[in-house]
Amino acid sequence: CLGKSSCTVSASNGVFGDPCSGTAKKLAVVYACSGGVVDNCPSDPNKTEPGQCGCGVPEGTCNQSGSITHVGTTQVWDSNGQDVAINRPTGSQAGDLLVLFLHRTDDDLPLRVSGWNHVAECYKRDNGYDCSTEEDCTSWHNSDFCGTFGSSGGEGHDLAQSIFYKTVGSSEPGSYRFNMNRDSDGHPGWIILTALRGASTSDPVRDWDNEGCDGVEDSLFPSVYGQNGDMVLLSQSFDDAIAQSKFGAPSGTSTFGYVSNSDEAGFLFGGKLTRTGETGAMKTQGDGASSCKDALVSLTIRPK
């Protein structure tokens, strides 16, 4: 009857079933008009008012389930990190959010990529060191590459990851190329690219944090703040080639992406948050491997 000035509902077993066979039933209806605004998500705990769901826009123009979905992920490893090609995830379409994870070992890694928005990073001087960030950069090679990170961060060459995002456009290419080098001498680089539907594309990252030396053989991703319905993404660089089974997805997440070759590996885990607040540290499952040989970044993605 929603949206109609009048309607008929048949009080019959064919409509409502017959849970108490052989007994008479009555149908009671209570209906209130709300000035022409229909509340199509009455159970949404984040709605602001009838007709406005949790993503803060009129009904019918947001994701009615109030959720972000994982469309797909691609990954690639390259021996020198130069002119690396990666396909856009199959099934991604205009309006989807692409989140790009660039990983590198023993070499530079850009903090700027043309056409992409930079959001998070972790640059390590050596295994036992914590992450350096863009804020720690004290000198630049050029506008894209940091030359020196302060507070004993060195060049941040041992192991690093840098994270970016963009929105899929109406004429988006099916693949992308990235040059992670500032010179002609290159070491391995690897990329994980994931597509999300229903995510905010104007300001997608609600919170992020990093960890360079968690001190345990499992990977212990740092806690971040998120809200019910956000997507949490957990990105791991690892400074050894490693079997996927060594680092299983933390509770409440699944493995979105994995790549391993030569002497390095990358993982991407993701999952929907079901409550608002700090996630708490999120630990991988499995045997793990040498402690402090990983670079970890946690981030929460808000819905539209």
# chains A, B, ... in the order shown; residues from 1 in each chain; ligands from 1
call {"tool": "residues_around", "arguments": {"residues": "Leu234 in chain A", "least_positions_apart": "2", "cutoff": "7 Å", "atoms": "only C-alpha atoms", "output": "ChimeraX atom specification"}}
result
/A:221,232,236,268-270,297-299
call {"tool": "closest_atom_pairs", "arguments": {"of": "range 202-227 of chain A", "to": "range 239-252 of chain A", "cutoff": "12 Å", "atoms": "only C-alpha atoms", "output": "Markdown table"}}
result
| residue | atom | partner | partner_atom | distance |
| --- | --- | --- | --- | --- |
| A:Gly212 | CA | A:Asp239 | CA | 11.5 |
| A:Glu217 | CA | A:Phe247 | CA | 9.6 |
| A:Asp218 | CA | A:Phe247 | CA | 7.0 |
| A:Ser219 | CA | A:Phe247 | CA | 7.5 |
| A:Leu220 | CA | A:Pro250 | CA | 9.0 |
| A:Phe221 | CA | A:Pro250 | CA | 9.0 |
| A:Pro222 | CA | A:Pro250 | CA | 12.0 |
call {"tool": "closest_residue", "arguments": {"among": "A:Thr279, A:Ser171, A:Thr300, A:Thr274", "to": "Ala94 in chain A", "atoms": "only C-alpha atoms"}}
result
A:Ser171
call {"tool": "select_by_dssp", "arguments": {"residues": "range 162-294 of chain A", "states": "strand (DSSP E)", "output": "compact mmCIF listing (two decimals) with all heavy atoms, in the first residue's frame"}}
result
# COMPACT_ATOMS: atom_id res chain seq x y z
N SER A 162 51.99 2.22 -0.28
CA SER A 162 51.35 3.52 -0.42
C SER A 162 49.98 3.28 -1.05
O SER A 162 49.84 2.51 -2.01
CB SER A 162 52.20 4.44 -1.31
OG SER A 162 51.77 5.78 -1.24
N ILE A 163 48.94 3.96 -0.51
CA ILE A 163 47.56 3.62 -0.84
C ILE A 163 46.86 4.83 -1.46
O ILE A 163 47.00 5.96 -0.96
CB ILE A 163 46.81 3.13 0.41
CG1 ILE A 163 47.54 1.91 1.01
CG2 ILE A 163 45.37 2.76 0.08
CD1 ILE A 163 47.02 1.47 2.35
N PHE A 164 46.07 4.58 -2.49
CA PHE A 164 45.40 5.63 -3.26
C PHE A 164 43.97 5.18 -3.58
O PHE A 164 43.63 4.01 -3.46
CB PHE A 164 46.15 5.88 -4.58
CG PHE A 164 47.62 6.16 -4.44
CD1 PHE A 164 48.53 5.12 -4.28
CD2 PHE A 164 48.10 7.46 -4.46
CE1 PHE A 164 49.89 5.37 -4.14
CE2 PHE A 164 49.45 7.72 -4.33
CZ PHE A 164 50.34 6.67 -4.17
N TYR A 165 43.16 6.15 -4.05
CA TYR A 165 41.82 5.79 -4.51
C TYR A 165 41.41 6.68 -5.68
O TYR A 165 41.95 7.77 -5.89
CB TYR A 165 40.79 5.90 -3.38
CG TYR A 165 40.38 7.32 -3.03
CD1 TYR A 165 39.32 7.96 -3.69
CD2 TYR A 165 41.05 8.04 -2.04
CE1 TYR A 165 38.96 9.26 -3.38
CE2 TYR A 165 40.68 9.33 -1.72
CZ TYR A 165 39.64 9.94 -2.39
OH TYR A 165 39.28 11.23 -2.09
N LYS A 166 40.43 6.22 -6.42
CA LYS A 166 39.77 7.02 -7.46
C LYS A 166 38.40 6.41 -7.73
O LYS A 166 38.11 5.28 -7.34
CB LYS A 166 40.60 7.07 -8.74
CG LYS A 166 40.64 5.76 -9.53
CD LYS A 166 41.33 5.94 -10.87
CE LYS A 166 40.57 6.91 -11.75
NZ LYS A 166 41.13 7.02 -13.10
N THR A 167 37.56 7.17 -8.43
CA THR A 167 36.23 6.71 -8.81
C THR A 167 36.26 6.21 -10.24
O THR A 167 36.88 6.84 -11.12
CB THR A 167 35.20 7.85 -8.69
OG1 THR A 167 35.26 8.40 -7.38
CG2 THR A 167 33.80 7.35 -8.96
N SER A 175 42.57 -1.17 -17.88
CA SER A 175 43.81 -1.47 -17.18
C SER A 175 44.57 -0.18 -16.92
O SER A 175 44.27 0.87 -17.51
CB SER A 175 44.68 -2.45 -17.99
OG SER A 175 45.07 -1.87 -19.22
N TYR A 176 45.58 -0.26 -16.06
CA TYR A 176 46.38 0.90 -15.69
C TYR A 176 47.86 0.51 -15.69
O TYR A 176 48.20 -0.67 -15.53
CB TYR A 176 45.99 1.41 -14.29
CG TYR A 176 44.52 1.64 -14.11
CD1 TYR A 176 43.70 0.61 -13.60
CD2 TYR A 176 43.91 2.84 -14.46
CE1 TYR A 176 42.34 0.80 -13.43
CE2 TYR A 176 42.55 3.03 -14.29
CZ TYR A 176 41.77 2.01 -13.78
OH TYR A 176 40.43 2.19 -13.62
N ARG A 177 48.72 1.52 -15.83
CA ARG A 177 50.16 1.30 -15.76
C ARG A 177 50.77 2.23 -14.71
O ARG A 177 50.40 3.40 -14.65
CB ARG A 177 50.82 1.52 -17.13
CG ARG A 177 50.50 0.43 -18.13
CD ARG A 177 51.28 0.55 -19.42
NE ARG A 177 51.05 -0.56 -20.30
CZ ARG A 177 51.70 -1.71 -20.26
NH1 ARG A 177 52.68 -1.87 -19.37
NH2 ARG A 177 51.42 -2.69 -21.09
N PHE A 178 51.69 1.69 -13.94
CA PHE A 178 52.32 2.47 -12.88
C PHE A 178 53.83 2.27 -12.93
O PHE A 178 54.32 1.15 -13.09
CB PHE A 178 51.80 2.02 -11.51
CG PHE A 178 50.32 2.20 -11.35
CD1 PHE A 178 49.46 1.12 -11.56
CD2 PHE A 178 49.77 3.42 -11.02
CE1 PHE A 178 48.09 1.26 -11.43
CE2 PHE A 178 48.40 3.58 -10.89
CZ PHE A 178 47.56 2.50 -11.10
N GLY A 189 58.33 -4.78 -7.27
CA GLY A 189 57.16 -4.05 -6.82
C GLY A 189 55.92 -4.89 -7.08
O GLY A 189 55.92 -5.72 -8.00
N TRP A 190 54.89 -4.72 -6.28
CA TRP A 190 53.65 -5.48 -6.48
C TRP A 190 52.46 -4.59 -6.17
O TRP A 190 52.56 -3.63 -5.40
CB TRP A 190 53.64 -6.79 -5.71
CG TRP A 190 53.84 -6.74 -4.23
CD1 TRP A 190 52.90 -6.92 -3.25
CD2 TRP A 190 55.07 -6.51 -3.52
NE1 TRP A 190 53.46 -6.83 -1.99
CE2 TRP A 190 54.80 -6.58 -2.13
CE3 TRP A 190 56.39 -6.26 -3.93
CZ2 TRP A 190 55.77 -6.40 -1.16
CZ3 TRP A 190 57.36 -6.08 -2.96
CH2 TRP A 190 57.05 -6.15 -1.59
N ILE A 191 51.35 -4.90 -6.81
CA ILE A 191 50.17 -4.05 -6.74
C ILE A 191 48.94 -4.91 -6.45
O ILE A 191 48.79 -6.00 -7.03
CB ILE A 191 49.95 -3.29 -8.07
CG1 ILE A 191 51.18 -2.45 -8.43
CG2 ILE A 191 48.71 -2.41 -8.00
CD1 ILE A 191 51.09 -1.81 -9.82
N ILE A 192 48.08 -4.41 -5.59
CA ILE A 192 46.76 -4.99 -5.39
C ILE A 192 45.74 -3.88 -5.62
O ILE A 192 45.87 -2.78 -5.09
CB ILE A 192 46.61 -5.58 -3.97
CG1 ILE A 192 47.61 -6.74 -3.78
CG2 ILE A 192 45.19 -6.07 -3.73
CD1 ILE A 192 47.58 -7.37 -2.40
N LEU A 193 44.74 -4.15 -6.44
CA LEU A 193 43.72 -3.16 -6.81
C LEU A 193 42.35 -3.76 -6.52
O LEU A 193 42.00 -4.81 -7.06
CB LEU A 193 43.84 -2.79 -8.29
CG LEU A 193 42.82 -1.80 -8.84
CD1 LEU A 193 42.93 -0.44 -8.16
CD2 LEU A 193 43.01 -1.64 -10.36
N THR A 194 41.57 -3.10 -5.66
CA THR A 194 40.25 -3.63 -5.31
C THR A 194 39.16 -2.63 -5.67
O THR A 194 39.39 -1.42 -5.66
CB THR A 194 40.19 -3.99 -3.80
OG1 THR A 194 39.06 -4.82 -3.56
CG2 THR A 194 40.09 -2.75 -2.93
N ALA A 195 37.98 -3.15 -6.00
CA ALA A 195 36.83 -2.32 -6.37
C ALA A 195 35.71 -2.54 -5.36
O ALA A 195 35.38 -3.68 -5.00
CB ALA A 195 36.34 -2.66 -7.77
N LEU A 196 35.12 -1.43 -4.90
CA LEU A 196 34.02 -1.47 -3.93
C LEU A 196 32.81 -0.74 -4.50
O LEU A 196 32.96 0.33 -5.11
CB LEU A 196 34.44 -0.81 -2.61
CG LEU A 196 35.69 -1.36 -1.93
CD1 LEU A 196 36.02 -0.52 -0.70
CD2 LEU A 196 35.51 -2.82 -1.55
N ARG A 197 31.63 -1.28 -4.28
CA ARG A 197 30.38 -0.65 -4.72
C ARG A 197 29.61 -0.16 -3.49
O ARG A 197 29.56 -0.81 -2.47
CB ARG A 197 29.53 -1.63 -5.52
CG ARG A 197 28.26 -1.03 -6.12
CD ARG A 197 27.78 -1.89 -7.28
NE ARG A 197 28.80 -1.96 -8.31
CZ ARG A 197 28.95 -3.01 -9.15
NH1 ARG A 197 28.15 -4.06 -9.04
NH2 ARG A 197 29.89 -3.00 -10.06
N VAL A 205 37.70 7.53 3.03
CA VAL A 205 38.44 6.97 4.15
C VAL A 205 38.01 7.66 5.45
O VAL A 205 38.23 8.85 5.63
CB VAL A 205 39.95 7.09 3.95
CG1 VAL A 205 40.71 6.55 5.17
CG2 VAL A 205 40.38 6.33 2.69
N ARG A 206 37.40 6.89 6.33
CA ARG A 206 36.98 7.45 7.61
C ARG A 206 38.15 7.52 8.59
O ARG A 206 38.31 8.49 9.33
CB ARG A 206 35.86 6.59 8.21
CG ARG A 206 35.22 7.22 9.45
CD ARG A 206 34.15 6.32 10.07
NE ARG A 206 33.08 5.97 9.17
CZ ARG A 206 32.04 6.77 8.88
NH1 ARG A 206 31.96 7.98 9.41
NH2 ARG A 206 31.09 6.35 8.07
N ASP A 207 38.99 6.48 8.61
CA ASP A 207 40.12 6.45 9.54
C ASP A 207 41.16 5.49 9.00
O ASP A 207 40.84 4.57 8.23
CB ASP A 207 39.64 5.99 10.93
CG ASP A 207 40.70 6.17 12.01
OD1 ASP A 207 41.62 7.00 11.83
OD2 ASP A 207 40.61 5.48 13.05
N TRP A 208 42.42 5.70 9.39
CA TRP A 208 43.47 4.75 9.02
C TRP A 208 44.61 4.81 10.03
O TRP A 208 44.77 5.79 10.75
CB TRP A 208 43.99 5.00 7.60
CG TRP A 208 44.85 6.22 7.42
CD1 TRP A 208 44.42 7.50 7.20
CD2 TRP A 208 46.28 6.28 7.44
NE1 TRP A 208 45.50 8.36 7.08
CE2 TRP A 208 46.66 7.63 7.23
CE3 TRP A 208 47.29 5.32 7.62
CZ2 TRP A 208 47.98 8.03 7.19
CZ3 TRP A 208 48.62 5.73 7.58
CH2 TRP A 208 48.95 7.06 7.36
N ASP A 209 45.39 3.74 10.08
CA ASP A 209 46.56 3.68 10.94
C ASP A 209 47.51 2.64 10.37
O ASP A 209 47.14 1.83 9.50
CB ASP A 209 46.16 3.31 12.37
CG ASP A 209 47.22 3.72 13.40
OD1 ASP A 209 48.27 4.25 12.99
OD2 ASP A 209 46.98 3.49 14.60
N ASN A 210 48.77 2.66 10.83
CA ASN A 210 49.76 1.71 10.33
C ASN A 210 50.57 1.10 11.46
O ASN A 210 50.55 1.58 12.60
CB ASN A 210 50.67 2.38 9.29
CG ASN A 210 51.39 3.60 9.85
OD1 ASN A 210 51.69 3.68 11.04
ND2 ASN A 210 51.67 4.57 8.99
N GLU A 211 51.27 0.04 11.13
CA GLU A 211 52.12 -0.66 12.10
C GLU A 211 53.29 -1.27 11.34
O GLU A 211 53.10 -1.97 10.35
CB GLU A 211 51.33 -1.75 12.82
CG GLU A 211 52.14 -2.59 13.78
CD GLU A 211 52.71 -1.78 14.93
OE1 GLU A 211 51.90 -1.22 15.71
OE2 GLU A 211 53.95 -1.68 15.03
N LEU A 220 49.38 -8.32 13.26
CA LEU A 220 48.43 -7.67 14.16
C LEU A 220 48.14 -6.28 13.62
O LEU A 220 48.89 -5.33 13.85
CB LEU A 220 49.02 -7.60 15.57
CG LEU A 220 48.06 -7.33 16.73
CD1 LEU A 220 47.02 -8.44 16.84
CD2 LEU A 220 48.85 -7.21 18.03
N PHE A 221 47.02 -6.16 12.89
CA PHE A 221 46.67 -4.89 12.27
C PHE A 221 46.20 -3.89 13.33
O PHE A 221 45.46 -4.26 14.25
CB PHE A 221 45.57 -5.10 11.22
CG PHE A 221 46.04 -5.79 9.98
CD1 PHE A 221 45.97 -7.17 9.87
CD2 PHE A 221 46.56 -5.07 8.92
CE1 PHE A 221 46.41 -7.81 8.73
CE2 PHE A 221 47.00 -5.70 7.77
CZ PHE A 221 46.93 -7.08 7.68
N TYR A 225 38.94 3.45 13.84
CA TYR A 225 37.54 3.76 14.13
C TYR A 225 36.69 3.53 12.88
O TYR A 225 37.06 3.91 11.77
CB TYR A 225 37.39 5.21 14.59
CG TYR A 225 35.95 5.62 14.78
CD1 TYR A 225 35.26 5.28 15.95
CD2 TYR A 225 35.26 6.32 13.80
CE1 TYR A 225 33.94 5.64 16.13
CE2 TYR A 225 33.93 6.68 13.97
CZ TYR A 225 33.27 6.34 15.13
OH TYR A 225 31.96 6.70 15.29
N GLY A 226 35.53 2.91 13.08
CA GLY A 226 34.60 2.72 11.99
C GLY A 226 33.17 2.76 12.49
O GLY A 226 32.92 2.71 13.70
N MET A 231 33.29 -0.51 5.50
CA MET A 231 34.15 -1.61 5.09
C MET A 231 35.54 -1.39 5.69
O MET A 231 36.12 -0.31 5.53
CB MET A 231 34.26 -1.68 3.56
CG MET A 231 35.19 -2.76 3.03
SD MET A 231 34.51 -4.42 3.13
CE MET A 231 33.32 -4.37 1.77
N VAL A 232 36.07 -2.38 6.39
CA VAL A 232 37.44 -2.29 6.87
C VAL A 232 38.34 -3.02 5.87
O VAL A 232 38.02 -4.12 5.41
CB VAL A 232 37.59 -2.88 8.29
CG1 VAL A 232 37.26 -4.37 8.34
CG2 VAL A 232 39.00 -2.64 8.83
N LEU A 233 39.44 -2.37 5.50
CA LEU A 233 40.44 -2.95 4.61
C LEU A 233 41.75 -3.06 5.37
O LEU A 233 42.19 -2.11 6.03
CB LEU A 233 40.64 -2.10 3.36
CG LEU A 233 39.44 -1.96 2.42
CD1 LEU A 233 39.78 -1.01 1.27
CD2 LEU A 233 39.01 -3.31 1.87
N LEU A 234 42.39 -4.23 5.29
CA LEU A 234 43.64 -4.51 6.00
C LEU A 234 44.68 -4.91 4.96
O LEU A 234 44.55 -5.96 4.32
CB LEU A 234 43.44 -5.63 7.02
CG LEU A 234 42.27 -5.45 8.00
CD1 LEU A 234 42.08 -6.72 8.82
CD2 LEU A 234 42.50 -4.25 8.89
N SER A 235 45.71 -4.07 4.79
CA SER A 235 46.71 -4.30 3.75
C SER A 235 48.05 -4.66 4.38
O SER A 235 48.53 -3.98 5.28
CB SER A 235 46.86 -3.03 2.90
OG SER A 235 47.88 -3.20 1.93
N GLN A 236 48.65 -5.73 3.87
CA GLN A 236 49.90 -6.24 4.43
C GLN A 236 50.96 -6.38 3.35
O GLN A 236 50.75 -7.03 2.34
CB GLN A 236 49.66 -7.60 5.08
CG GLN A 236 50.92 -8.30 5.58
CD GLN A 236 50.64 -9.68 6.14
OE1 GLN A 236 49.51 -10.17 6.11
NE2 GLN A 236 51.66 -10.34 6.65
N SER A 237 52.12 -5.74 3.57
CA SER A 237 53.33 -6.04 2.81
C SER A 237 54.17 -6.98 3.66
O SER A 237 54.29 -6.77 4.87
CB SER A 237 54.15 -4.77 2.54
OG SER A 237 53.38 -3.75 1.95
N PHE A 238 54.78 -7.99 3.03
CA PHE A 238 55.63 -8.91 3.79
C PHE A 238 56.94 -9.10 3.05
O PHE A 238 56.97 -9.29 1.83
CB PHE A 238 54.93 -10.26 4.01
CG PHE A 238 55.58 -11.08 5.07
CD1 PHE A 238 55.38 -10.79 6.41
CD2 PHE A 238 56.41 -12.14 4.74
CE1 PHE A 238 55.99 -11.54 7.41
CE2 PHE A 238 57.02 -12.90 5.73
CZ PHE A 238 56.82 -12.60 7.07
N SER A 254 37.56 -11.42 5.06
CA SER A 254 37.96 -12.47 4.14
C SER A 254 39.13 -11.96 3.30
O SER A 254 39.43 -10.76 3.30
CB SER A 254 36.78 -12.88 3.23
OG SER A 254 36.32 -11.76 2.49
N THR A 255 39.80 -12.86 2.62
CA THR A 255 40.94 -12.48 1.79
C THR A 255 40.45 -11.93 0.47
O THR A 255 39.84 -12.65 -0.31
CB THR A 255 41.87 -13.68 1.57
OG1 THR A 255 42.32 -14.19 2.83
CG2 THR A 255 43.09 -13.27 0.75
N PHE A 256 40.73 -10.65 0.21
CA PHE A 256 40.36 -10.02 -1.05
C PHE A 256 41.45 -10.22 -2.10
O PHE A 256 41.15 -10.34 -3.29
CB PHE A 256 40.13 -8.53 -0.86
CG PHE A 256 38.81 -8.18 -0.21
CD1 PHE A 256 37.93 -9.15 0.22
CD2 PHE A 256 38.45 -6.85 -0.01
CE1 PHE A 256 36.71 -8.83 0.81
CE2 PHE A 256 37.24 -6.51 0.58
CZ PHE A 256 36.38 -7.49 0.99
N GLY A 257 42.72 -10.17 -1.68
CA GLY A 257 43.81 -10.25 -2.63
C GLY A 257 45.06 -10.85 -2.01
O GLY A 257 45.29 -10.72 -0.81
N TYR A 258 45.88 -11.50 -2.85
CA TYR A 258 47.14 -12.11 -2.40
C TYR A 258 48.07 -12.24 -3.58
O TYR A 258 47.67 -12.63 -4.68
CB TYR A 258 46.87 -13.49 -1.79
CG TYR A 258 48.09 -14.38 -1.71
CD1 TYR A 258 49.07 -14.17 -0.74
CD2 TYR A 258 48.25 -15.45 -2.60
CE1 TYR A 258 50.20 -14.99 -0.67
CE2 TYR A 258 49.37 -16.29 -2.52
CZ TYR A 258 50.33 -16.05 -1.55
OH TYR A 258 51.44 -16.86 -1.49
N VAL A 259 49.36 -11.90 -3.38
CA VAL A 259 50.38 -12.09 -4.40
C VAL A 259 51.69 -12.38 -3.70
O VAL A 259 51.98 -11.81 -2.64
CB VAL A 259 50.48 -10.85 -5.32
CG1 VAL A 259 50.89 -9.60 -4.54
CG2 VAL A 259 51.44 -11.11 -6.48
N SER A 260 52.48 -13.31 -4.25
CA SER A 260 53.78 -13.63 -3.66
C SER A 260 54.72 -14.09 -4.77
O SER A 260 54.32 -14.82 -5.68
CB SER A 260 53.63 -14.74 -2.61
OG SER A 260 54.89 -15.06 -2.03
N ASN A 261 55.98 -13.63 -4.68
CA ASN A 261 56.98 -14.01 -5.67
C ASN A 261 58.36 -13.65 -5.13
O ASN A 261 58.46 -12.78 -4.26
CB ASN A 261 56.73 -13.31 -7.00
CG ASN A 261 57.30 -14.07 -8.18
OD1 ASN A 261 58.41 -14.60 -8.12
ND2 ASN A 261 56.54 -14.14 -9.27
N GLU A 264 59.06 -11.55 -1.57
CA GLU A 264 58.10 -10.61 -1.01
C GLU A 264 56.68 -11.11 -1.27
O GLU A 264 56.44 -11.97 -2.12
CB GLU A 264 58.27 -9.21 -1.60
CG GLU A 264 58.42 -9.17 -3.10
CD GLU A 264 59.83 -9.43 -3.58
OE1 GLU A 264 60.79 -9.06 -2.87
OE2 GLU A 264 59.99 -10.02 -4.66
N ALA A 265 55.73 -10.54 -0.51
CA ALA A 265 54.32 -10.94 -0.65
C ALA A 265 53.42 -9.80 -0.22
O ALA A 265 53.83 -8.88 0.49
CB ALA A 265 54.02 -12.19 0.19
N GLY A 266 52.18 -9.86 -0.68
CA GLY A 266 51.19 -8.86 -0.30
C GLY A 266 49.84 -9.53 -0.07
O GLY A 266 49.47 -10.48 -0.77
N PHE A 267 49.10 -9.03 0.93
CA PHE A 267 47.78 -9.53 1.26
C PHE A 267 46.83 -8.35 1.39
O PHE A 267 47.22 -7.26 1.83
CB PHE A 267 47.78 -10.28 2.60
CG PHE A 267 48.56 -11.55 2.63
CD1 PHE A 267 49.94 -11.54 2.76
CD2 PHE A 267 47.92 -12.79 2.55
CE1 PHE A 267 50.67 -12.71 2.82
CE2 PHE A 267 48.63 -13.97 2.61
CZ PHE A 267 50.02 -13.94 2.74
N LEU A 268 45.57 -8.59 1.05
CA LEU A 268 44.52 -7.62 1.31
C LEU A 268 43.31 -8.37 1.88
O LEU A 268 42.80 -9.29 1.26
CB LEU A 268 44.10 -6.85 0.05
CG LEU A 268 42.97 -5.84 0.26
CD1 LEU A 268 43.39 -4.73 1.21
CD2 LEU A 268 42.51 -5.25 -1.07
N PHE A 269 42.90 -7.96 3.08
CA PHE A 269 41.73 -8.53 3.72
C PHE A 269 40.66 -7.44 3.84
O PHE A 269 40.97 -6.26 3.91
CB PHE A 269 42.08 -9.04 5.13
CG PHE A 269 43.28 -9.95 5.17
CD1 PHE A 269 44.49 -9.50 5.68
CD2 PHE A 269 43.19 -11.25 4.70
CE1 PHE A 269 45.60 -10.33 5.73
CE2 PHE A 269 44.30 -12.09 4.74
CZ PHE A 269 45.51 -11.63 5.26
N GLY A 270 39.40 -7.85 3.86
CA GLY A 270 38.33 -6.87 3.98
C GLY A 270 37.08 -7.48 4.57
O GLY A 270 36.85 -8.70 4.49
N GLY A 271 36.26 -6.63 5.17
CA GLY A 271 35.00 -7.09 5.74
C GLY A 271 34.13 -5.94 6.19
O GLY A 271 34.61 -4.82 6.40
N LYS A 272 32.83 -6.20 6.34
CA LYS A 272 31.86 -5.20 6.78
C LYS A 272 31.85 -5.11 8.29
O LYS A 272 31.82 -6.11 8.99
CB LYS A 272 30.47 -5.59 6.32
CG LYS A 272 30.07 -5.13 4.95
CD LYS A 272 29.56 -3.73 4.86
CE LYS A 272 28.15 -3.69 5.39
NZ LYS A 272 27.28 -4.68 4.81
N GLY A 277 32.53 2.05 16.44
CA GLY A 277 33.57 2.18 17.46
C GLY A 277 34.91 1.70 16.93
O GLY A 277 35.08 1.45 15.73
N GLU A 278 35.89 1.59 17.81
CA GLU A 278 37.20 1.06 17.45
C GLU A 278 37.10 -0.42 17.09
O GLU A 278 36.39 -1.18 17.75
CB GLU A 278 38.19 1.25 18.60
CG GLU A 278 38.60 2.69 18.84
CD GLU A 278 39.51 3.23 17.75
OE1 GLU A 278 40.28 2.43 17.16
OE2 GLU A 278 39.45 4.45 17.49
N MET A 282 43.38 -6.36 14.94
CA MET A 282 42.83 -7.49 14.20
C MET A 282 43.98 -8.39 13.77
O MET A 282 44.88 -7.97 13.03
CB MET A 282 42.01 -6.99 13.01
CG MET A 282 40.89 -6.03 13.41
SD MET A 282 39.86 -5.46 12.04
CE MET A 282 38.87 -6.93 11.76
N LYS A 283 43.95 -9.64 14.23
CA LYS A 283 45.07 -10.57 14.04
C LYS A 283 44.77 -11.60 12.97
O LYS A 283 43.67 -12.17 12.92
CB LYS A 283 45.39 -11.27 15.36
CG LYS A 283 46.63 -12.13 15.32
CD LYS A 283 47.02 -12.66 16.69
CE LYS A 283 46.04 -13.68 17.21
NZ LYS A 283 46.52 -14.33 18.45
N ASP A 294 56.80 -7.25 8.37
CA ASP A 294 55.63 -6.80 7.61
C ASP A 294 55.42 -5.30 7.79
O ASP A 294 55.93 -4.68 8.72
CB ASP A 294 54.38 -7.57 8.01
CG ASP A 294 54.23 -7.75 9.52
OD1 ASP A 294 54.96 -7.08 10.28
OD2 ASP A 294 53.39 -8.56 9.94
call {"tool": "decode", "arguments": {"residues": "range 277-288 of chain A", "atoms": "N, CA and C atoms", "output": "PDB file, in the first residue's frame"}}
result
ATOM      1  N   GLY A 277      32.532   2.052  16.436  1.00  0.00           N
ATOM      2  CA  GLY A 277      33.567   2.181  17.457  1.00  0.00           C
ATOM      3  C   GLY A 277      34.906   1.701  16.931  1.00  0.00           C
ATOM      4  N   GLU A 278      35.891   1.588  17.812  1.00  0.00           N
ATOM      5  CA  GLU A 278      37.203   1.064  17.445  1.00  0.00           C
ATOM      6  C   GLU A 278      37.100  -0.418  17.088  1.00  0.00           C
ATOM      7  N   THR A 279      37.817  -0.813  16.057  1.00  0.00           N
ATOM      8  CA  THR A 279      37.803  -2.225  15.659  1.00  0.00           C
ATOM      9  C   THR A 279      38.599  -3.086  16.631  1.00  0.00           C
ATOM     10  N   GLY A 280      39.535  -2.473  17.355  1.00  0.00           N
ATOM     11  CA  GLY A 280      40.496  -3.258  18.114  1.00  0.00           C
ATOM     12  C   GLY A 280      41.516  -3.855  17.159  1.00  0.00           C
ATOM     13  N   ALA A 281      42.668  -4.259  17.691  1.00  0.00           N
ATOM     14  CA  ALA A 281      43.685  -4.896  16.855  1.00  0.00           C
ATOM     15  C   ALA A 281      43.107  -6.154  16.220  1.00  0.00           C
ATOM     16  N   MET A 282      43.382  -6.357  14.941  1.00  0.00           N
ATOM     17  CA  MET A 282      42.829  -7.485  14.204  1.00  0.00           C
ATOM     18  C   MET A 282      43.980  -8.389  13.768  1.00  0.00           C
ATOM     19  N   LYS A 283      43.950  -9.643  14.231  1.00  0.00           N
ATOM     20  CA  LYS A 283      45.068 -10.568  14.042  1.00  0.00           C
ATOM     21  C   LYS A 283      44.765 -11.598  12.970  1.00  0.00           C
ATOM     22  N   THR A 284      45.767 -11.846  12.112  1.00  0.00           N
ATOM     23  CA  THR A 284      45.619 -12.883  11.097  1.00  0.00           C
ATOM     24  C   THR A 284      45.570 -14.258  11.751  1.00  0.00           C
ATOM     25  N   GLN A 285      45.073 -15.226  10.993  1.00  0.00           N
ATOM     26  CA  GLN A 285      44.971 -16.598  11.470  1.00  0.00           C
ATOM     27  C   GLN A 285      45.917 -17.479  10.662  1.00  0.00           C
ATOM     28  N   GLY A 286      46.475 -18.489  11.294  1.00  0.00           N
ATOM     29  CA  GLY A 286      47.451 -19.348  10.636  1.00  0.00           C
ATOM     30  C   GLY A 286      48.762 -19.334  11.391  1.00  0.00           C
ATOM     31  N   ASP A 287      49.783 -19.967  10.802  1.00  0.00           N
ATOM     32  CA  ASP A 287      51.078 -20.077  11.477  1.00  0.00           C
ATOM     33  C   ASP A 287      51.848 -18.771  11.501  1.00  0.00           C
ATOM     34  N   GLY A 288      51.569 -17.868  10.560  1.00  0.00           N
ATOM     35  CA  GLY A 288      52.324 -16.624  10.486  1.00  0.00           C
ATOM     36  C   GLY A 288      53.763 -16.877  10.056  1.00  0.00           C
TER      37      GLY A 288
END
